[in-house]
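Enquirer: Below you'll find model_7.cif; it's mmCIF, C-alpha atoms.
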```
data_my_file
loop_
_atom_site.label_atom_id
_atom_site.label_comp_id
_atom_site.auth_asym_id
_atom_site.auth_seq_id
_atom_site.Cartn_x
_atom_site.Cartn_y
_atom_site.Cartn_z
CA MET A 100 -1.41 -11.30 55.56
CA ASN A 101 -3.47 -14.33 56.41
CA VAL A 102 -6.63 -12.26 56.80
CA ALA A 103 -6.13 -10.67 53.44
CA ALA A 104 -5.42 -14.00 51.94
CA THR A 105 -8.56 -15.48 53.42
CA LEU A 106 -10.55 -12.44 52.37
CA VAL A 107 -9.33 -12.71 48.83
CA GLY A 108 -9.90 -16.38 48.99
CA ASP A 109 -13.47 -15.89 50.27
CA ARG A 110 -14.27 -13.30 47.59
CA SER A 111 -12.83 -15.37 44.82
CA PHE A 112 -15.63 -17.79 45.34
CA ARG A 113 -18.27 -15.06 45.13
CA ILE A 114 -16.95 -13.03 42.14
CA PRO A 115 -17.83 -14.63 38.80
CA ARG A 116 -15.01 -15.52 36.44
CA SER A 117 -16.06 -12.95 33.82
CA ALA A 118 -15.90 -10.14 36.36
CA MET A 119 -12.41 -11.27 37.32
CA MET A 120 -11.38 -11.11 33.70
CA VAL A 121 -12.71 -7.55 33.38
CA LEU A 122 -10.80 -6.62 36.53
CA ILE A 123 -7.57 -8.06 35.15
CA LEU A 124 -8.10 -6.21 31.86
CA LEU A 125 -8.71 -2.96 33.69
CA LEU A 126 -5.58 -3.40 35.77
CA GLY A 127 -3.60 -4.17 32.61
CA SER A 128 -4.85 -1.08 30.79
CA THR A 129 -4.09 1.15 33.79
CA ALA A 130 -0.55 -0.19 33.88
CA GLY A 131 -0.28 0.53 30.17
CA LEU A 132 -1.43 4.10 30.70
CA PHE A 133 1.19 4.64 33.36
CA ALA A 134 3.84 3.21 31.09
CA LYS A 135 2.75 5.57 28.27
CA LYS A 136 2.91 8.57 30.60
CA GLY A 137 6.43 7.57 31.56
CA SER A 138 7.59 7.46 27.94
CA GLY A 139 5.82 10.78 27.29
CA THR A 140 7.88 12.53 29.90
CA ALA A 141 11.03 11.03 28.43
CA ASN A 142 10.16 12.32 24.88
CA SER A 143 8.83 15.69 25.98
CA THR A 144 10.66 17.40 23.06
CA VAL A 145 8.52 15.54 20.50
CA VAL A 146 6.01 18.17 19.40
CA PHE A 147 4.21 16.09 16.81
CA THR A 148 4.27 12.54 15.58
CA ALA A 149 2.05 10.74 13.09
CA ARG A 150 2.05 7.99 10.51
CA ALA A 151 2.60 9.45 7.05
CA THR A 152 3.30 8.33 3.52
CA HIS A 153 6.15 10.12 1.80
CA LEU A 154 4.99 10.63 -1.78
CA LEU A 155 8.06 12.39 -3.18
CA GLY A 156 10.74 14.99 -2.70
CA PHE A 157 12.05 14.51 0.84
CA GLU A 158 15.73 13.94 0.09
CA GLY A 159 16.99 10.56 1.21
CA ALA A 160 13.56 9.05 1.78
CA ARG A 161 12.09 6.51 -0.61
CA LYS A 162 9.09 7.45 -2.70
CA ASN A 163 5.70 6.11 -1.56
CA SER A 164 7.14 4.84 1.71
CA THR A 165 5.12 4.87 4.90
CA GLY A 166 6.77 5.83 8.15
CA THR A 167 6.63 8.17 11.09
CA LEU A 168 6.74 11.90 10.57
CA SER A 169 7.69 13.86 13.65
CA ILE A 170 8.81 17.26 14.84
CA GLN A 171 11.46 17.12 17.53
CA HIS A 172 14.49 19.14 18.58
CA GLY A 173 13.74 21.72 15.90
CA VAL A 174 13.81 19.26 13.01
CA LEU A 175 11.18 17.62 10.86
CA ARG A 176 12.02 13.94 10.76
CA PHE A 177 10.75 11.08 8.66
CA GLN A 178 11.63 7.54 9.60
CA LYS A 179 10.56 4.36 7.89
CA GLY A 180 10.82 1.31 10.17
CA SER A 181 14.42 0.61 11.08
CA ASP A 182 15.83 2.68 8.18
CA PRO A 183 17.94 5.69 9.15
CA ALA A 184 15.86 8.79 9.73
CA VAL A 185 15.82 11.63 7.20
CA GLN A 186 15.41 15.12 8.53
CA VAL A 187 15.46 18.82 7.75
CA THR A 188 15.65 21.71 10.15
CA ILE A 189 12.42 23.60 10.70
CA ASP A 190 14.29 26.84 9.88
CA SER A 191 14.94 25.60 6.35
CA VAL A 192 11.24 25.04 5.65
CA GLN A 193 10.05 28.03 3.64
CA ASP A 194 6.39 27.29 3.11
CA VAL A 195 3.77 24.65 3.84
CA PHE A 196 0.54 23.99 1.96
CA LEU A 197 -2.34 21.83 2.99
CA GLY A 198 -4.66 20.11 0.60
CA ASP A 199 -6.82 17.05 0.54
CA GLU A 200 -7.14 14.20 -1.86
CA SER A 201 -9.56 11.35 -2.25
CA LYS A 202 -7.95 8.04 -3.14
CA GLN A 203 -9.18 4.58 -3.98
CA VAL A 204 -8.23 2.11 -1.27
CA GLY A 205 -6.92 -1.41 -1.69
CA GLY A 206 -4.30 -0.76 -4.33
CA LEU A 207 -3.73 -3.12 -7.23
CA PRO A 208 -5.34 -6.25 -5.66
CA MET A 209 -8.53 -4.29 -5.10
CA THR A 210 -8.46 -2.92 -8.66
CA VAL A 211 -8.03 -6.42 -10.09
CA GLY A 212 -10.81 -7.70 -7.83
CA LYS A 213 -13.14 -4.92 -8.96
CA ALA A 214 -12.39 -5.68 -12.58
CA ALA A 215 -13.27 -9.32 -11.98
CA VAL A 216 -16.74 -8.54 -10.60
CA PRO A 217 -19.30 -9.32 -13.35
CA PHE A 218 -21.83 -6.85 -14.78
CA GLY A 219 -19.73 -3.85 -13.78
CA GLY A 220 -20.26 -4.49 -10.09
CA GLY A 221 -16.73 -3.32 -9.41
CA ARG A 222 -17.76 0.23 -10.27
CA VAL A 223 -20.29 0.19 -7.47
CA VAL A 224 -17.56 -0.96 -5.10
CA SER A 225 -15.39 1.95 -6.31
CA LEU A 226 -18.11 4.36 -5.24
CA PHE A 227 -17.54 3.41 -1.63
CA ALA A 228 -13.92 2.21 -1.66
CA HIS A 229 -12.27 5.58 -1.36
CA LYS A 230 -10.74 7.49 1.51
CA LYS A 231 -9.87 11.13 2.09
CA TYR A 232 -6.33 12.06 2.99
CA ASP A 233 -4.58 15.26 3.91
CA VAL A 234 -1.78 16.16 1.53
CA LEU A 235 0.89 18.33 3.11
CA SER A 236 3.36 19.89 0.69
CA MET A 237 6.36 21.88 1.76
CA GLU A 238 9.22 23.80 0.25
CA TYR A 239 12.56 23.80 1.99
CA VAL A 240 16.00 25.07 1.14
CA ALA A 241 19.08 22.87 1.44
CA THR A 242 22.46 24.12 2.65
CA ASP A 243 23.58 24.73 -0.97
CA GLY A 244 20.61 27.03 -1.53
CA GLY A 245 18.71 24.56 -3.71
CA VAL A 246 14.93 24.55 -3.41
CA HIS A 247 13.39 21.20 -2.52
CA GLY A 248 9.76 20.24 -2.45
CA ALA A 249 8.30 17.37 -0.45
CA ILE A 250 4.82 15.89 -0.34
CA PHE A 251 3.40 13.81 2.48
CA GLU A 252 0.09 12.07 2.74
CA LEU A 253 -1.44 11.91 6.21
CA SER A 254 -4.73 10.62 7.53
CA SER A 255 -7.50 13.18 7.56
CA GLY A 256 -7.01 15.78 10.29
CA GLN A 257 -3.32 14.99 10.90
CA GLY A 258 -2.18 17.25 8.09
CA ARG A 259 -3.90 20.25 9.65
CA ARG A 260 -2.31 19.41 13.02
CA LEU A 261 1.15 19.20 11.47
CA ARG A 262 0.66 22.45 9.57
CA ASP A 263 -0.46 24.20 12.77
CA GLU A 264 2.55 22.88 14.65
CA LEU A 265 4.89 24.07 11.91
CA THR A 266 3.18 27.46 11.82
CA ALA A 267 3.60 27.74 15.59
CA LEU A 268 7.31 27.13 15.08
CA GLY A 269 7.53 30.05 12.65
CA VAL A 270 7.00 28.38 9.28
CA HIS A 271 4.91 30.32 6.79
CA ALA A 272 1.77 28.52 5.67
CA SER A 273 0.12 29.82 2.54
CA SER A 274 -2.86 29.02 0.41
CA ASN A 275 -2.64 28.59 -3.36
CA ASP A 276 -3.95 32.11 -3.99
CA GLU A 277 -1.25 33.64 -1.80
CA ARG A 278 1.39 31.59 -3.58
CA LYS A 279 0.14 32.73 -6.97
CA GLN A 280 0.18 36.35 -5.80
CA SER A 281 3.75 36.11 -4.54
CA LYS A 282 4.87 34.47 -7.81
CA MET A 283 3.27 37.30 -9.78
CA GLU A 284 5.00 39.88 -7.60
CA VAL A 285 8.35 38.18 -8.17
CA SER A 286 7.84 38.09 -11.95
CA ASN A 287 6.81 41.77 -11.94
CA GLU A 288 9.94 42.66 -10.01
CA ARG A 289 12.04 40.76 -12.58
CA ASN A 290 10.43 42.69 -15.42
CA MET B 162 32.91 -46.15 -34.14
CA LYS B 163 29.42 -46.77 -35.52
CA GLY B 164 28.03 -44.19 -33.14
CA ILE B 165 30.56 -41.65 -34.19
CA ARG B 166 29.81 -42.25 -37.82
CA THR B 167 26.06 -41.59 -37.29
CA VAL B 168 26.58 -38.53 -35.16
CA SER B 169 29.25 -36.79 -37.17
CA PRO B 170 27.00 -35.71 -40.11
CA PHE B 171 24.69 -34.05 -37.63
CA MET B 172 27.62 -32.35 -35.98
CA LEU B 173 28.80 -31.19 -39.37
CA ALA B 174 25.37 -29.87 -40.28
CA ALA B 175 25.15 -28.05 -36.96
CA ALA B 176 28.55 -26.49 -37.50
CA VAL B 177 27.56 -25.33 -40.99
CA MET B 178 24.36 -23.85 -39.60
CA MET B 179 26.27 -22.07 -36.84
CA ILE B 180 28.66 -20.54 -39.34
CA ALA B 181 25.76 -19.50 -41.59
CA ILE B 182 23.75 -17.93 -38.73
CA ALA B 183 26.66 -16.27 -36.92
CA PRO B 184 27.02 -12.62 -38.00
CA SER B 185 30.22 -11.53 -39.63
CA PRO B 186 32.79 -9.68 -37.49
CA ARG B 187 32.08 -6.55 -39.52
CA LEU B 188 28.38 -6.78 -38.65
CA LEU B 189 29.23 -7.35 -35.01
CA ALA B 190 31.39 -4.29 -34.98
CA GLN B 191 28.76 -2.11 -36.62
CA PRO B 192 26.51 -1.43 -33.62
CA ALA B 193 29.52 -0.48 -31.56
CA THR B 194 30.64 2.04 -34.12
CA THR B 195 27.12 3.48 -34.47
CA GLN B 196 26.97 3.78 -30.70
CA LEU B 197 30.25 5.61 -30.75
CA SER B 198 29.13 7.89 -33.54
CA SER B 199 25.84 8.63 -31.77
CA ALA B 200 27.76 9.33 -28.58
CA SER B 201 29.99 11.73 -30.46
CA ASN B 202 26.89 13.37 -31.94
CA ASN B 203 25.44 13.84 -28.48
CA SER B 204 28.73 14.90 -26.97
CA HIS B 205 28.19 18.58 -27.66
CA THR B 206 24.71 18.56 -26.10
CA ALA B 207 26.04 16.67 -23.10
CA GLN B 208 28.19 19.68 -22.30
CA TRP B 209 25.17 21.71 -21.29
CA SER B 210 24.01 21.75 -17.71
CA VAL B 211 20.49 22.65 -16.74
CA GLN B 212 18.91 24.43 -13.82
CA VAL B 213 15.25 23.66 -13.21
CA LYS B 214 13.25 26.61 -11.95
CA THR B 215 10.21 26.17 -9.72
CA VAL B 216 6.95 25.84 -11.62
CA ASP B 217 5.08 29.00 -12.49
CA PRO B 218 1.33 28.39 -12.01
CA GLY B 219 0.46 31.01 -14.66
CA ASP B 220 -3.28 31.67 -14.78
CA ALA B 221 -4.22 28.12 -13.86
CA SER B 222 -5.57 27.41 -10.40
CA ILE B 223 -3.24 24.52 -9.73
CA SER B 224 -2.58 23.26 -6.23
CA ALA B 225 0.83 23.66 -4.61
CA SER B 226 1.27 19.90 -4.36
CA PHE B 227 1.02 19.64 -8.16
CA GLN B 228 3.56 22.40 -8.67
CA ILE B 229 5.99 20.75 -6.29
CA ALA B 230 5.39 17.34 -7.84
CA ILE B 231 6.08 18.69 -11.35
CA TYR B 232 9.29 20.38 -10.16
CA GLU B 233 10.61 17.28 -8.38
CA SER B 234 9.59 14.94 -11.20
CA LEU B 235 11.33 17.17 -13.76
CA LEU B 236 14.57 17.01 -11.78
CA ASP B 237 14.24 13.26 -11.59
CA GLN B 238 13.39 12.68 -15.24
CA LEU B 239 15.99 15.11 -16.61
CA SER B 240 18.70 13.34 -14.62
CA LYS B 241 17.59 10.06 -16.19
CA THR B 242 17.96 11.36 -19.76
CA LYS B 243 21.74 11.90 -19.33
CA LYS B 244 21.43 14.71 -21.84
CA PHE B 245 22.95 17.20 -19.43
CA THR B 246 26.21 17.15 -17.52
CA GLN B 247 24.53 18.33 -14.34
CA VAL B 248 20.96 19.02 -13.29
CA PHE B 249 20.65 21.79 -10.73
CA ARG B 250 17.80 22.82 -8.51
CA ASP B 251 16.40 26.31 -8.40
CA GLY B 252 18.59 28.55 -6.24
CA GLU B 253 21.55 26.20 -6.11
CA ARG B 254 24.60 28.37 -5.64
CA THR B 255 27.04 26.09 -7.47
CA ALA B 256 24.96 26.47 -10.63
CA SER B 257 24.98 30.26 -10.74
CA ASP B 258 28.58 30.65 -9.55
CA ASN B 259 30.60 28.03 -11.39
CA VAL B 260 28.71 26.79 -14.44
CA ALA B 261 29.06 28.86 -17.59
CA ASN B 262 27.24 26.64 -20.08
CA LEU B 263 24.04 26.59 -18.09
CA LEU B 264 20.55 26.33 -19.48
CA ILE B 265 17.55 27.37 -17.44
CA LEU B 266 14.36 25.35 -17.69
CA ARG B 267 11.25 27.45 -17.10
CA THR B 268 7.92 25.69 -16.78
CA THR B 269 4.65 27.58 -16.93
CA VAL B 270 1.31 25.88 -16.41
CA GLU B 271 -1.02 26.75 -19.28
CA LYS B 272 -3.96 24.51 -18.52
CA TYR B 273 -4.97 22.30 -15.64
CA THR B 274 -8.06 20.10 -15.51
CA PRO B 275 -8.48 18.59 -12.06
CA GLY B 276 -9.74 15.02 -12.13
CA SER B 277 -11.03 12.49 -9.66
CA GLU B 278 -9.69 9.01 -9.07
CA THR B 279 -13.09 7.82 -7.88
CA GLN B 280 -14.82 9.23 -10.96
CA ARG B 281 -12.28 7.46 -13.16
CA ALA B 282 -12.81 4.18 -11.32
CA VAL B 283 -16.60 4.42 -11.57
CA THR B 284 -17.08 5.78 -15.09
CA THR B 285 -13.78 4.98 -16.88
CA VAL B 286 -14.43 7.73 -19.45
CA SER B 287 -14.51 10.80 -17.21
CA GLY B 288 -12.49 12.20 -14.33
CA ALA B 289 -9.17 12.48 -16.14
CA THR B 290 -6.54 14.80 -14.69
CA LYS B 291 -4.91 16.82 -17.46
CA LEU B 292 -1.97 19.17 -17.43
CA THR B 293 -0.54 21.35 -20.15
CA VAL B 294 2.68 23.27 -19.60
CA ARG B 295 5.00 25.44 -21.62
CA SER B 296 8.62 24.42 -21.28
CA GLN B 297 11.39 26.79 -22.20
CA LEU B 298 15.11 26.23 -22.14
CA CYS B 299 16.97 29.53 -22.05
CA THR B 300 20.58 30.46 -21.82
CA GLN B 301 21.75 32.70 -18.99
CA ASP B 302 21.61 35.74 -21.29
CA GLY B 303 17.94 35.03 -22.07
CA GLN B 304 18.20 33.36 -25.47
CA VAL B 305 15.45 30.75 -25.85
CA LEU B 306 16.80 27.49 -27.31
CA PHE B 307 13.79 25.29 -26.76
CA ASP B 308 10.13 26.21 -26.47
CA ARG B 309 7.44 23.53 -26.48
CA THR B 310 4.01 22.87 -25.10
CA VAL B 311 3.82 19.50 -23.39
CA HIS B 312 0.88 17.53 -22.02
CA GLY B 313 0.55 15.08 -19.17
CA GLU B 314 -2.54 13.24 -18.03
CA VAL B 315 -4.00 10.36 -16.08
CA LEU B 316 -6.87 8.82 -17.99
CA PHE B 317 -7.70 5.54 -16.28
CA MET B 318 -5.70 4.21 -13.38
CA GLY B 319 -3.54 5.90 -10.79
CA SER B 320 -3.67 8.86 -8.46
CA ASN B 321 -4.09 12.43 -9.68
CA LEU B 322 -0.45 13.24 -8.91
CA ARG B 323 0.59 10.66 -11.49
CA ALA B 324 -0.26 13.28 -14.13
CA THR B 325 2.78 15.26 -12.94
CA HIS B 326 5.03 12.22 -13.37
CA ASN B 327 3.71 11.62 -16.89
CA LEU B 328 4.12 15.29 -17.73
CA ALA B 329 7.72 15.41 -16.50
CA ARG B 330 8.51 12.24 -18.46
CA ASN B 331 7.08 13.82 -21.62
CA VAL B 332 9.04 17.05 -21.07
CA ALA B 333 12.27 15.11 -20.55
CA LYS B 334 11.54 12.97 -23.63
CA THR B 335 10.89 16.05 -25.78
CA ILE B 336 14.07 17.73 -24.60
CA LYS B 337 16.06 14.55 -25.21
CA GLN B 338 14.76 14.29 -28.78
CA SER B 339 15.44 17.93 -29.58
CA ALA B 340 18.75 19.02 -31.02
CA LEU B 341 20.21 21.73 -28.85
CA PRO B 342 22.96 23.93 -30.29
CA ALA B 343 26.43 23.50 -28.92
CA PRO B 344 27.46 25.82 -26.11
CA SER B 345 29.52 28.81 -27.23
CA ILE B 346 33.29 28.43 -27.26
CA SER B 347 33.76 31.28 -24.83
CA ALA B 348 31.45 29.56 -22.36
CA LEU B 349 33.35 26.32 -22.71
CA ALA B 350 36.68 28.06 -22.26
CA GLN B 351 35.33 29.81 -19.19
CA ASN B 352 34.26 26.45 -17.84
CA GLY B 353 37.65 24.89 -18.53
CA GLN B 354 36.35 22.38 -21.09
CA LEU B 355 38.61 23.52 -23.88
#
```
Please render this file's structure as structure tokens.

Expert:
Amino acid sequence: MNVAATLVGDRSFRIPRSAMMVLILLLGSTAGLFAKKGSGTANSTVVFTARATHLLGFEGARKNSTGTLSIQHGVLRFQKGSDPAVQVTIDSVQDVFLGDESKQVGGLPMTVGKAAVPFGGGRVVSLFAHKKYDVLSMEYVATDGGVHGAIFELSSGQGRRLRDELTALGVHASSNDERKQSKMEVSNERN
Amino acid sequence: MKGIRTVSPFMLAAAVMMIAIAPSPRLLAQPATTQLSSASNNSHTAQWSVQVKTVDPGDASISASFQIAIYESLLDQLSKTKKFTQVFRDGERTASDNVANLLILRTTVEKYTPGSETQRAVTTVSGATKLTVRSQLCTQDGQVLFDRTVHGEVLFMGSNLRATHNLARNVAKTIKQSALPAPSISALAQNGQL
């Protein structure tokens, strides 16, 4: 014990303070990693989780609210902060569609700021102040048979991941052309 | 006493003014009666229920998110009009089983011009998202009671999906302003409203 103490004591004089700081940071991050792994094993049923903005349609969730969208225990769940989670079973999801959308960032304050820039300088800012998002739309059927549609906005790449996870769980993913085709077939059958 | 003497003419004048400005009881009662009469006028249209069908893309190459947004916005806006007793979703079993005086709202996209929010922000005059749909209200036996072409667009500010909100609002407004015929007596009797 004493030897170790003296050794540590001896080295502490030789190692510069900055190096010690790096060492402490490294130790901290390793501990964090271990902690993350621990929680991962506890939530092993969580297939997918990502930050998403609910645009409309998911019953019980507020419009334009940002929260966590996850797939776990066979349900698709959306939770905003400490609000109660809203969920639908994966089996009830009929179809998913993936699209992308480019949006101006900054919201209303940014728009007002751009308008205030003289000589139309705000327009130049608009050229660069946009971001691409994935838009994931889905159709699901409630217990009463009613068709619901929901639209989520996810950061680029996350939408594809979510669609792939849903497809792996048996949900049909279709493109717009396929959807159009199926609609035409249905209308032909009606006639 | 002196104070009272000086104030009292003002008080009197104020009282006279109040009496002159205040509307007569008959006038006060008038809006209430007109409200009642308008409510009774709308009472027969309020007996209809409506089922909103999913949006038919028609020949337009419209994205699925727009179709879903139109459908959901229509449900939302039609509920707000209070023109219908109940607003049902497509496929809802309670609508097809129990409601006799049911109208079916079919929406077909006729024209879709995709826009760009960035283009709108940069140029102001271009990049508008425009939607044109044909809205039809039919009875369960196929009789068309309402057939209009409605537009919705985003010209300056807002995301592209806002066009669907504007469109649904316009459809709901048009339906609200239209005079729908009263449901047939047999349908009402079947529904237990007579």

Enquirer: Any idea what the distance is between CA of Asn262 in chain B and CA of His326 in chain B?

Expert: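 Computed distance, CA of Asn262 in chain B to CA of His326 in chain B, equals 27.3 Å.
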
Enquirer: With the PyMOL selection byres ((chain A) within 7 of (chain B)) as the selection, what would be picked from this file? Answer as a list in words, please.

Expert: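 Against this file, the PyMOL selection byres ((chain A) within 7 of (chain B)) returns the residues Gly156, Phe196, Lys202, Gln203, Arg222, Val223, Ser225, Leu226, His229, Ser236, Asp243, Gly244, Gly245, Val246, Gly248, Ile250, Asn275 and Lys279 of chain A.
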
Enquirer: Please write the residues picked by the PyMOL selection byres ((chain B and resi 247) around 9) on this file as a list of chain:residue names.

Expert: B:Gln208, B:Trp209, B:Ser210, B:Val211, B:Gln212, B:Ser240, B:Lys243, B:Lys244, B:Phe245, B:Thr246, B:Val248, B:Phe249, B:Ala256

Enquirer: For this file, the PyMOL selection byres ((chain B and resi 300) around 9) selects which residues, as a PDB file with C-alpha atoms, keeping the file's coordinate frame?

Expert:
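Just written: part_33.pdb:
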```pdb
ATOM      1  CA  ASN B 262      27.240  26.640 -20.080  1.00  0.00           C
ATOM      2  CA  LEU B 263      24.040  26.590 -18.090  1.00  0.00           C
ATOM      3  CA  LEU B 264      20.550  26.330 -19.480  1.00  0.00           C
ATOM      4  CA  ILE B 265      17.550  27.370 -17.440  1.00  0.00           C
ATOM      5  CA  LEU B 298      15.110  26.230 -22.140  1.00  0.00           C
ATOM      6  CA  CYS B 299      16.970  29.530 -22.050  1.00  0.00           C
ATOM      7  CA  GLN B 301      21.750  32.700 -18.990  1.00  0.00           C
ATOM      8  CA  ASP B 302      21.610  35.740 -21.290  1.00  0.00           C
ATOM      9  CA  GLY B 303      17.940  35.030 -22.070  1.00  0.00           C
ATOM     10  CA  GLN B 304      18.200  33.360 -25.470  1.00  0.00           C
ATOM     11  CA  VAL B 305      15.450  30.750 -25.850  1.00  0.00           C
ATOM     12  CA  LEU B 306      16.800  27.490 -27.310  1.00  0.00           C
TER      13      LEU B 306
END
```

Enquirer: Which residues are near Lys337 in chain B? Cut-off 12 Å, only C-alpha atoms, ignore same chain within fewer than 2 positions. Put them as a VMD selection string.

Expert: chain B and resid 203 206 to 207 238 to 245 307 330 to 335 339 to 341

Enquirer: Filtering to C-alpha atoms, could you give me those residues as an mmCIF file, keeping the file's coordinate frame?

Expert:
```cif
data_model
loop_
_atom_site.group_PDB
_atom_site.id
_atom_site.type_symbol
_atom_site.label_atom_id
_atom_site.label_comp_id
_atom_site.auth_asym_id
_atom_site.auth_seq_id
_atom_site.Cartn_x
_atom_site.Cartn_y
_atom_site.Cartn_z
ATOM 1 C CA ASN B 203 25.440 13.840 -28.480
ATOM 2 C CA THR B 206 24.710 18.560 -26.100
ATOM 3 C CA ALA B 207 26.040 16.670 -23.100
ATOM 4 C CA GLN B 238 13.390 12.680 -15.240
ATOM 5 C CA LEU B 239 15.990 15.110 -16.610
ATOM 6 C CA SER B 240 18.700 13.340 -14.620
ATOM 7 C CA LYS B 241 17.590 10.060 -16.190
ATOM 8 C CA THR B 242 17.960 11.360 -19.760
ATOM 9 C CA LYS B 243 21.740 11.900 -19.330
ATOM 10 C CA LYS B 244 21.430 14.710 -21.840
ATOM 11 C CA PHE B 245 22.950 17.200 -19.430
ATOM 12 C CA PHE B 307 13.790 25.290 -26.760
ATOM 13 C CA ARG B 330 8.510 12.240 -18.460
ATOM 14 C CA ASN B 331 7.080 13.820 -21.620
ATOM 15 C CA VAL B 332 9.040 17.050 -21.070
ATOM 16 C CA ALA B 333 12.270 15.110 -20.550
ATOM 17 C CA LYS B 334 11.540 12.970 -23.630
ATOM 18 C CA THR B 335 10.890 16.050 -25.780
ATOM 19 C CA SER B 339 15.440 17.930 -29.580
ATOM 20 C CA ALA B 340 18.750 19.020 -31.020
ATOM 21 C CA LEU B 341 20.210 21.730 -28.850
#
```

Enquirer: Find the residue from B:Thr269, B:Leu316, B:Pro344, B:Ala329 that sits nearest to Gly288 in chain B; use all atoms listed in the file when measuring.

Expert: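 Among B:Thr269, B:Leu316, B:Pro344, B:Ala329, it is B:Leu316 that comes nearest to Gly288 in chain B.
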